[in-house]
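Visitor: What follows is target_2.cif, made up of mmCIF, C-alpha atoms:
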data_entry
loop_
_atom_site.label_atom_id
_atom_site.label_comp_id
_atom_site.auth_asym_id
_atom_site.auth_seq_id
_atom_site.Cartn_x
_atom_site.Cartn_y
_atom_site.Cartn_z
CA MET A 1 80.99 232.19 260.40
CA ALA A 2 80.74 233.41 256.85
CA LEU A 3 82.68 232.34 253.83
CA ARG A 4 84.02 234.76 251.25
CA GLY A 5 85.41 233.58 248.01
CA ALA A 6 86.90 234.86 244.80
CA ILE A 7 87.73 233.39 241.43
CA VAL A 8 90.46 234.20 238.97
CA VAL A 9 89.71 233.38 235.33
CA ASP A 10 92.45 232.89 232.76
CA ASN A 11 90.84 235.30 230.29
CA GLU A 12 92.87 234.27 227.27
CA LYS A 13 92.10 230.57 227.70
CA CYS A 14 88.41 230.95 228.61
CA LYS A 15 86.12 229.99 225.72
CA GLY A 16 82.99 231.63 227.15
CA CYS A 17 80.91 228.43 227.12
CA GLY A 18 78.80 229.69 230.05
CA VAL A 19 78.64 226.34 231.90
CA CYS A 20 80.11 228.03 235.01
CA VAL A 21 77.46 230.76 234.83
CA ALA A 22 74.68 228.16 234.77
CA ASN A 23 76.18 226.23 237.69
CA CYS A 24 76.96 229.19 239.99
CA PRO A 25 74.54 228.92 242.94
CA THR A 26 75.01 232.56 243.99
CA LYS A 27 74.81 234.16 240.50
CA THR A 28 78.30 235.57 240.95
CA ILE A 29 79.61 234.81 237.48
CA ALA A 30 78.60 236.34 234.17
CA LEU A 31 80.08 236.52 230.70
CA SER A 32 81.83 239.81 229.97
CA LYS A 33 80.88 242.17 227.16
CA GLU A 34 84.54 242.39 226.18
CA VAL A 35 86.15 239.61 224.21
CA ASN A 36 89.56 237.95 224.52
CA GLY A 37 92.12 237.41 221.76
CA LYS A 38 90.08 234.58 220.27
CA GLY A 39 86.84 236.57 220.29
CA TYR A 40 85.19 234.77 223.20
CA ASN A 41 83.21 236.58 225.91
CA PHE A 42 85.17 235.33 228.89
CA ALA A 43 83.67 234.66 232.34
CA TYR A 44 84.21 237.12 235.18
CA MET A 45 82.89 237.88 238.68
CA ALA A 46 79.94 240.21 238.07
CA ASN A 47 78.94 240.20 241.78
CA PRO A 48 82.19 239.67 243.70
CA GLU A 49 80.49 240.14 247.09
CA SER A 50 78.26 237.09 246.67
CA CYS A 51 81.03 234.54 245.95
CA THR A 52 81.38 231.86 248.64
CA GLY A 53 84.25 229.97 247.01
CA CYS A 54 82.15 226.80 246.57
CA THR A 55 84.30 225.66 243.59
CA ASN A 56 81.27 224.58 241.52
CA CYS A 57 82.34 226.79 238.59
CA ALA A 58 85.87 225.41 238.53
CA THR A 59 84.60 221.83 238.89
CA VAL A 60 82.48 222.02 235.74
CA CYS A 61 84.87 224.20 233.72
CA PRO A 62 85.93 222.15 230.67
CA ASP A 63 89.08 224.17 230.12
CA SER A 64 90.28 224.37 233.73
CA VAL A 65 90.68 228.14 233.54
CA ILE A 66 89.14 228.99 236.93
CA THR A 67 91.13 229.16 240.17
CA VAL A 68 89.10 229.49 243.38
CA TYR A 69 90.15 231.19 246.63
CA ARG A 70 88.22 231.08 249.89
CA VAL A 71 88.54 232.65 253.36
CA LYS A 72 86.56 232.30 256.58
CA ILE A 73 85.60 235.60 258.19
CA MET B 1 87.07 242.42 252.80
CA ASP B 2 88.81 243.34 249.61
CA ILE B 3 89.12 240.85 246.74
CA LYS B 4 92.89 241.29 246.78
CA ASP B 5 93.00 239.98 250.36
CA ILE B 6 91.12 236.82 249.31
CA ILE B 7 93.22 236.08 246.23
CA LYS B 8 96.34 234.83 247.96
CA GLU B 9 98.17 231.54 247.50
CA GLU B 10 97.31 230.33 251.03
CA ASN B 11 93.58 230.75 250.38
CA LYS B 12 93.58 228.73 247.16
CA VAL B 13 91.05 225.88 247.31
CA TYR B 14 90.85 224.72 243.71
CA GLY B 15 92.90 225.22 240.60
CA LYS B 16 94.25 223.53 237.53
CA THR B 17 96.20 220.37 238.30
CA PRO B 18 99.84 220.28 237.14
CA VAL B 19 99.17 216.98 235.33
CA LEU B 20 97.28 219.02 232.72
CA THR B 21 99.62 220.85 230.36
CA ASP B 22 99.32 224.58 229.62
CA ASN B 23 98.17 223.93 226.05
CA VAL B 24 94.77 225.35 225.17
CA MET B 25 92.46 222.45 224.35
CA HIS B 26 91.22 222.33 220.77
CA TYR B 27 87.74 221.23 221.88
CA CYS B 28 84.70 223.39 221.22
CA PRO B 29 83.52 225.64 224.07
CA GLY B 30 81.65 223.58 226.67
CA CYS B 31 82.77 220.17 225.37
CA SER B 32 82.57 217.31 227.89
CA HIS B 33 86.01 216.05 226.83
CA GLY B 34 87.67 218.91 228.71
CA VAL B 35 86.01 217.96 231.99
CA ILE B 36 86.84 214.27 231.57
CA HIS B 37 90.50 215.07 230.77
CA LYS B 38 90.61 217.17 233.92
CA LEU B 39 89.12 214.38 236.06
CA ILE B 40 91.66 211.83 234.78
CA ALA B 41 94.45 214.33 235.46
CA GLU B 42 93.20 215.01 238.98
CA VAL B 43 92.93 211.29 239.78
CA ILE B 44 96.48 210.73 238.48
CA GLU B 45 97.73 213.61 240.63
CA GLU B 46 95.91 212.40 243.76
CA MET B 47 97.20 208.85 243.35
CA GLY B 48 100.73 210.10 242.57
CA ILE B 49 101.04 207.90 239.48
CA GLN B 50 102.01 210.47 236.85
CA ASP B 51 105.19 208.59 235.89
CA LYS B 52 103.46 205.20 235.99
CA THR B 53 100.47 205.92 233.76
CA VAL B 54 100.20 205.15 230.06
CA GLY B 55 97.23 206.41 228.10
CA VAL B 56 96.05 205.20 224.72
CA SER B 57 94.36 207.89 222.67
CA PRO B 58 91.71 207.09 220.07
CA VAL B 59 90.75 208.41 216.69
CA GLY B 60 88.10 211.08 217.05
CA CYS B 61 87.97 214.45 218.76
CA ALA B 62 90.15 213.14 221.60
CA VAL B 63 92.94 212.10 219.21
CA LEU B 64 95.08 214.97 220.51
CA ALA B 65 94.58 214.03 224.17
CA TYR B 66 98.34 213.45 224.41
CA ASN B 67 98.83 217.21 224.12
CA TYR B 68 96.84 217.88 227.28
CA LEU B 69 97.83 215.30 229.90
CA ASP B 70 101.47 215.23 230.90
CA ILE B 71 101.84 211.43 231.00
CA ASP B 72 103.03 208.74 228.58
CA TRP B 73 100.73 208.15 225.62
CA GLU B 74 100.37 205.96 222.60
CA GLU B 75 98.11 206.64 219.68
CA ALA B 76 96.14 203.65 218.39
CA ALA B 77 94.65 202.92 214.99
CA HIS B 78 90.92 203.59 214.77
CA GLY B 79 89.10 201.46 217.35
CA ARG B 80 92.19 199.45 218.28
CA ALA B 81 93.01 201.19 221.56
CA PRO B 82 92.01 198.16 223.75
CA ALA B 83 94.31 195.89 221.70
CA LEU B 84 97.23 198.30 222.12
CA ALA B 85 96.44 198.75 225.81
CA THR B 86 96.46 194.96 226.22
CA ALA B 87 100.00 194.81 224.89
CA ILE B 88 101.21 197.73 227.01
CA LYS B 89 99.70 196.29 230.19
CA ARG B 90 100.96 192.76 229.60
CA LEU B 91 104.50 193.98 228.91
CA ASN B 92 104.46 196.55 231.74
CA PRO B 93 102.24 195.11 234.47
CA GLU B 94 103.44 197.78 236.92
CA LYS B 95 101.97 200.60 234.80
CA TYR B 96 98.47 201.99 235.03
CA VAL B 97 97.09 201.70 231.51
CA PHE B 98 93.91 203.32 230.28
CA THR B 99 92.23 203.89 226.94
CA TYR B 100 90.22 207.00 226.17
CA GLN B 101 87.70 206.42 223.40
CA GLY B 102 84.65 208.05 221.92
CA ASP B 103 81.52 206.34 220.68
CA GLY B 104 82.64 206.38 217.05
CA ASP B 105 85.91 204.71 218.02
CA LEU B 106 84.71 202.25 220.66
CA ALA B 107 81.11 201.45 219.74
CA SER B 108 81.38 201.15 215.96
CA ILE B 109 84.76 200.37 214.39
CA GLY B 110 86.24 199.16 217.68
CA ALA B 111 83.26 197.14 218.94
CA GLY B 112 85.09 193.86 218.31
CA GLU B 113 88.30 194.91 220.05
CA ILE B 114 86.57 196.20 223.17
CA MET B 115 84.41 193.08 223.49
CA HIS B 116 87.41 190.77 223.39
CA ALA B 117 89.65 192.92 225.59
CA CYS B 118 86.89 193.01 228.23
CA ASN B 119 86.17 189.30 227.79
CA ARG B 120 89.85 188.49 228.37
CA GLY B 121 89.67 190.56 231.53
CA GLU B 122 92.67 192.72 230.73
CA ASN B 123 93.63 194.83 233.76
CA ILE B 124 93.09 198.14 232.03
CA VAL B 125 90.75 201.10 232.45
CA VAL B 126 88.47 202.01 229.57
CA ILE B 127 87.00 205.52 229.45
CA PHE B 128 84.18 205.57 226.90
CA VAL B 129 82.79 209.02 226.04
CA ASN B 130 79.32 208.68 224.55
CA ASN B 131 77.92 211.83 222.95
CA ALA B 132 75.65 210.00 220.48
CA ILE B 133 77.26 211.57 217.43
CA TYR B 134 80.46 211.62 215.35
CA GLY B 135 81.75 214.98 216.51
CA MET B 136 85.07 215.32 214.70
CA THR B 137 83.84 214.49 211.20
CA GLY B 138 80.89 216.87 211.27
CA GLY B 139 78.05 215.36 213.27
CA GLN B 140 77.13 212.14 211.46
CA MET B 141 75.04 209.33 212.99
CA ALA B 142 76.86 207.08 215.46
CA PRO B 143 75.71 203.63 216.69
CA THR B 144 74.65 205.36 219.91
CA THR B 145 72.56 208.08 218.21
CA LEU B 146 69.05 208.19 219.68
CA LEU B 147 65.97 207.28 217.65
CA GLY B 148 64.57 210.39 215.99
CA MET B 149 67.78 212.34 216.55
CA VAL B 150 68.72 214.60 213.64
CA THR B 151 72.34 214.32 212.45
CA ALA B 152 74.15 215.13 209.20
CA THR B 153 73.45 211.62 207.85
CA THR B 154 69.95 211.25 209.35
CA PRO B 155 68.39 214.61 208.38
CA TYR B 156 64.87 213.30 209.14
CA GLY B 157 65.90 211.73 212.43
CA ARG B 158 67.26 208.24 213.11
CA ASN B 159 64.80 205.66 211.86
CA ALA B 160 64.94 202.17 213.40
CA GLU B 161 63.81 200.51 210.16
CA LEU B 162 66.65 202.07 208.19
CA ASN B 163 69.39 202.67 210.77
CA GLY B 164 68.71 200.15 213.55
CA TYR B 165 68.53 200.93 217.24
CA PRO B 166 70.89 202.87 219.58
CA LEU B 167 73.61 200.54 220.85
CA LYS B 168 73.75 200.21 224.64
CA LEU B 169 77.30 198.95 224.66
CA THR B 170 77.89 199.38 228.38
CA GLU B 171 75.07 196.93 229.20
CA LEU B 172 76.59 194.42 226.78
CA ILE B 173 80.04 194.82 228.33
CA ALA B 174 78.61 194.29 231.83
CA GLN B 175 77.58 190.75 230.87
CA LEU B 176 81.16 189.73 230.16
CA ASP B 177 82.88 187.81 232.97
CA GLY B 178 86.18 189.62 232.40
CA THR B 179 84.90 192.96 233.66
CA CYS B 180 84.93 193.91 237.35
CA TYR B 181 83.51 197.42 237.30
CA VAL B 182 81.09 198.76 234.71
CA THR B 183 79.47 202.10 235.28
CA ARG B 184 77.85 204.98 233.44
CA GLN B 185 78.55 208.54 234.57
CA SER B 186 78.04 212.08 233.31
CA VAL B 187 79.73 215.47 233.82
CA GLN B 188 77.04 218.10 233.31
CA ASN B 189 76.94 219.55 236.87
CA PRO B 190 79.22 219.60 239.94
CA VAL B 191 77.51 216.62 241.62
CA ALA B 192 77.85 214.46 238.52
CA VAL B 193 81.47 215.56 238.04
CA ARG B 194 82.39 214.52 241.59
CA LYS B 195 80.70 211.12 241.15
CA ALA B 196 82.48 210.58 237.84
CA LYS B 197 85.81 211.38 239.48
CA LYS B 198 85.19 208.77 242.19
CA ALA B 199 84.37 206.21 239.52
CA ILE B 200 87.56 206.97 237.59
CA ARG B 201 89.64 206.68 240.75
CA LYS B 202 88.05 203.34 241.60
CA ALA B 203 88.74 202.06 238.10
CA PHE B 204 92.43 203.01 238.32
CA GLU B 205 92.69 201.26 241.70
CA ASN B 206 91.00 198.14 240.28
CA SER B 207 93.53 197.91 237.48
CA MET B 208 96.32 197.23 239.99
CA MET B 209 94.29 194.67 241.96
CA LYS B 210 94.08 192.33 238.95
CA LYS B 211 90.31 192.14 239.15
CA GLY B 212 89.69 192.55 235.44
CA THR B 213 88.66 195.35 233.13
CA SER B 214 87.06 198.52 234.50
CA PHE B 215 84.76 200.18 232.01
CA ILE B 216 83.45 203.72 232.52
CA GLU B 217 80.99 205.21 230.09
CA VAL B 218 80.66 208.98 230.39
CA VAL B 219 77.53 210.38 228.75
CA GLY B 220 78.70 213.65 227.27
CA THR B 221 77.53 216.44 225.05
CA CYS B 222 78.57 217.54 221.58
CA ASN B 223 77.03 220.99 221.43
CA SER B 224 78.50 221.72 217.98
CA GLY B 225 77.18 218.47 216.52
CA TRP B 226 73.85 218.82 218.29
CA LYS B 227 73.61 222.47 217.15
CA MET B 228 72.92 223.87 220.62
CA ASN B 229 74.71 226.12 223.06
CA PRO B 230 76.66 224.31 225.84
CA VAL B 231 74.11 224.97 228.60
CA LYS B 232 71.17 223.91 226.40
CA ALA B 233 73.11 220.80 225.35
CA ASN B 234 73.51 219.78 229.00
CA GLN B 235 69.75 220.16 229.53
CA TRP B 236 68.98 218.25 226.34
CA MET B 237 71.27 215.46 227.50
CA GLU B 238 69.45 215.17 230.84
CA GLU B 239 66.06 215.10 229.15
CA ASN B 240 66.81 212.84 226.18
CA MET B 241 69.99 210.86 226.75
CA PHE B 242 69.42 209.78 230.36
CA PRO B 243 66.14 207.85 229.70
CA LYS B 244 68.05 205.72 227.16
CA TYR B 245 71.41 205.74 228.93
CA PRO B 246 70.61 205.78 232.69
CA VAL B 247 73.48 206.90 234.92
CA GLY B 248 74.76 204.61 237.66
CA ASP B 249 76.80 201.49 238.41
CA ILE B 250 75.83 198.47 236.33
CA LYS B 251 78.36 196.04 237.76
CA ASP B 252 80.72 196.33 240.70
CA ILE B 253 82.48 193.26 242.08
#
Taking this structure as input, can you express it in the form of structure tokens?
Guide:
Amino acid sequence: MALRGAIVVDNEKCKGCGVCVANCPTKTIALSKEVNGKGYNFAYMANPESCTGCTNCATVCPDSVITVYRVKI
Amino acid sequence: MDIKDIIKEENKVYGKTPVLTDNVMHYCPGCSHGVIHKLIAEVIEEMGIQDKTVGVSPVGCAVLAYNYLDIDWEEAAHGRAPALATAIKRLNPEKYVFTYQGDGDLASIGAGEIMHACNRGENIVVIFVNNAIYGMTGGQMAPTTLLGMVTATTPYGRNAELNGYPLKLTELIAQLDGTCYVTRQSVQNPVAVRKAKKAIRKAFENSMMKKGTSFIEVVGTCNSGWKMNPVKANQWMEENMFPKYPVGDIKDI
């Protein structure tokens, strides 16, 4: 059984600290080249296929901007 | 499988707790305060005590904590949060009362208050965030600043002859008979965050069992004050802070 996951980042609240990127075990997350209204490079799923929905990114996120979804397939 | 099929309400496994308000935190990107606020909020949600919890916010970066957790708060004078929490808990023994203090608030100006509140064994929870620097005022030396650490007021590094030694307040607190649970935690990676959450939950449970004061030190980062990026600050903390401030339970009765 495989797990597939996905994250949704609140782009306007994300401060682009990069702690989620460093703690993602599957290298799914990266910081975008675009910036949000405050000028931060917000986090996004650069490799959506590799996400397993482990919730590590949301656990360490200081601003609670990440919501994690997971399905078994 | 398409991403749209995964992102559905029934597949949600983790999200922001409703105890946290929708306000954007004023903390710098990557600040440990955000994670600790979230953990307290999650513990309050899990225990179902949102309407029975009173927080006491300090002076320091976390002074605006009352904007972020949707519970009752009081704001104490600098360092006096344990004294205010004592009064709240004694007058409202059915409430869960906690103080949230930084190292400038608790370890320097409030060192007397915390010692006596813990020595009296007040049934409160104390969350002590130690980032070894005065973050809000611009990165000056704190009592907990490491030897050799460069800050705004120790530009050549902290010198024991001139500035004394880093204060290990949690070890001092553990010697007091009034405390029941004294621990040091950190929040730099998912494992540490989960352990810290367990510790916070245990402390809140202790406060209703009349066992005495529960004291949780959280070793945190101040990447702005340390002049590093958030990821580098977490690494620096593991390499330099942990030898002086080892993580783990110091007292648990």
Visitor: Considering all atoms listed in the file, can you say which of A:Ala46, A:Asn41, A:Lys13, A:Cys57 comes closest to Ile29 of chain A?
Guide: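 Smallest distance to Ile29 of chain A is found for A:Ala46.
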Visitor: Residue by residue, what does the PyMOL selection byres ((chain A) within 7 of (chain B)) grab here? Present the result as a PyMOL selection string.
Guide: chain A and resi 5-6+13+15-19+22-23+55-56+59-64+66-71
Visitor: Counting only C-alpha atoms, write as a PyMOL selection string all protein and nucleic acid residues lying at most 9 Å from (89.7, 190.0, 240.6) in the file's frame.
Guide: chain B and resi 178-180+206+209-212+253
Visitor: Let me know the residues the PyMOL selection byres ((chain B and resi 95) around 8) catches in the file above, as an MDAnalysis selection string.
Guide: chainID B and resid 52:54 89 92:94 96:97
Visitor: Can you work out the spacing between atom CA of Ala107 of chain B and atom CA of Met208 of chain B in Å, to one decimal?
Guide: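 Computing the Euclidean distance for atom CA of Ala107 of chain B and atom CA of Met208 of chain B yields 25.7 Å.
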Visitor: Quick check, in Å to one decimal: how far apart do atom CA of Phe204 of chain B and atom CA of Phe128 of chain B lie?
Guide: 14.3 Å
Visitor: Under the rule that all atoms listed in the file are counted, which of A:Ala58, A:Val21, A:Leu3, A:Ile73 is the nearest residue to Tyr44 of chain A?
Guide: A:Val21
Visitor: If I only have part of segment 13-28 of chain A, can you fill in N, CA and C atoms and write it as a short mmCIF file (atom, residue, chain, number, x, y, z; two decimals), keeping the file's coordinate frame?
Guide:
data_model
loop_
_atom_site.label_atom_id
_atom_site.label_comp_id
_atom_site.auth_asym_id
_atom_site.auth_seq_id
_atom_site.Cartn_x
_atom_site.Cartn_y
_atom_site.Cartn_z
N LYS A 13 92.41 231.97 227.97
CA LYS A 13 92.10 230.57 227.70
C LYS A 13 90.60 230.29 227.78
N CYS A 14 89.85 231.17 228.45
CA CYS A 14 88.41 230.95 228.61
C CYS A 14 87.73 231.00 227.24
N LYS A 15 86.82 230.03 227.00
CA LYS A 15 86.12 229.99 225.72
C LYS A 15 84.68 230.49 225.83
N GLY A 16 84.32 231.01 227.01
CA GLY A 16 82.99 231.63 227.15
C GLY A 16 81.83 230.67 226.95
N CYS A 17 81.98 229.41 227.36
CA CYS A 17 80.91 228.43 227.12
C CYS A 17 79.71 228.70 228.03
N GLY A 18 79.92 229.33 229.18
CA GLY A 18 78.80 229.69 230.05
C GLY A 18 78.34 228.58 230.98
N VAL A 19 79.04 227.43 231.01
CA VAL A 19 78.64 226.34 231.90
C VAL A 19 78.83 226.76 233.36
N CYS A 20 79.88 227.55 233.64
CA CYS A 20 80.11 228.03 235.01
C CYS A 20 78.99 228.97 235.43
N VAL A 21 78.53 229.81 234.50
CA VAL A 21 77.46 230.76 234.83
C VAL A 21 76.20 230.00 235.24
N ALA A 22 75.89 228.93 234.49
CA ALA A 22 74.68 228.16 234.77
C ALA A 22 74.79 227.39 236.07
N ASN A 23 76.01 227.04 236.49
CA ASN A 23 76.18 226.23 237.69
C ASN A 23 76.57 227.04 238.93
N CYS A 24 76.61 228.36 238.83
CA CYS A 24 76.96 229.19 239.99
C CYS A 24 75.73 229.37 240.86
N PRO A 25 75.74 228.85 242.10
CA PRO A 25 74.54 228.92 242.94
C PRO A 25 74.23 230.33 243.45
N THR A 26 75.24 231.22 243.44
CA THR A 26 75.01 232.56 243.99
C THR A 26 74.96 233.63 242.90
N LYS A 27 74.90 233.22 241.63
CA LYS A 27 74.81 234.16 240.50
C LYS A 27 75.95 235.19 240.53
N THR A 28 77.14 234.69 240.89
CA THR A 28 78.30 235.57 240.95
C THR A 28 78.90 235.81 239.58
#
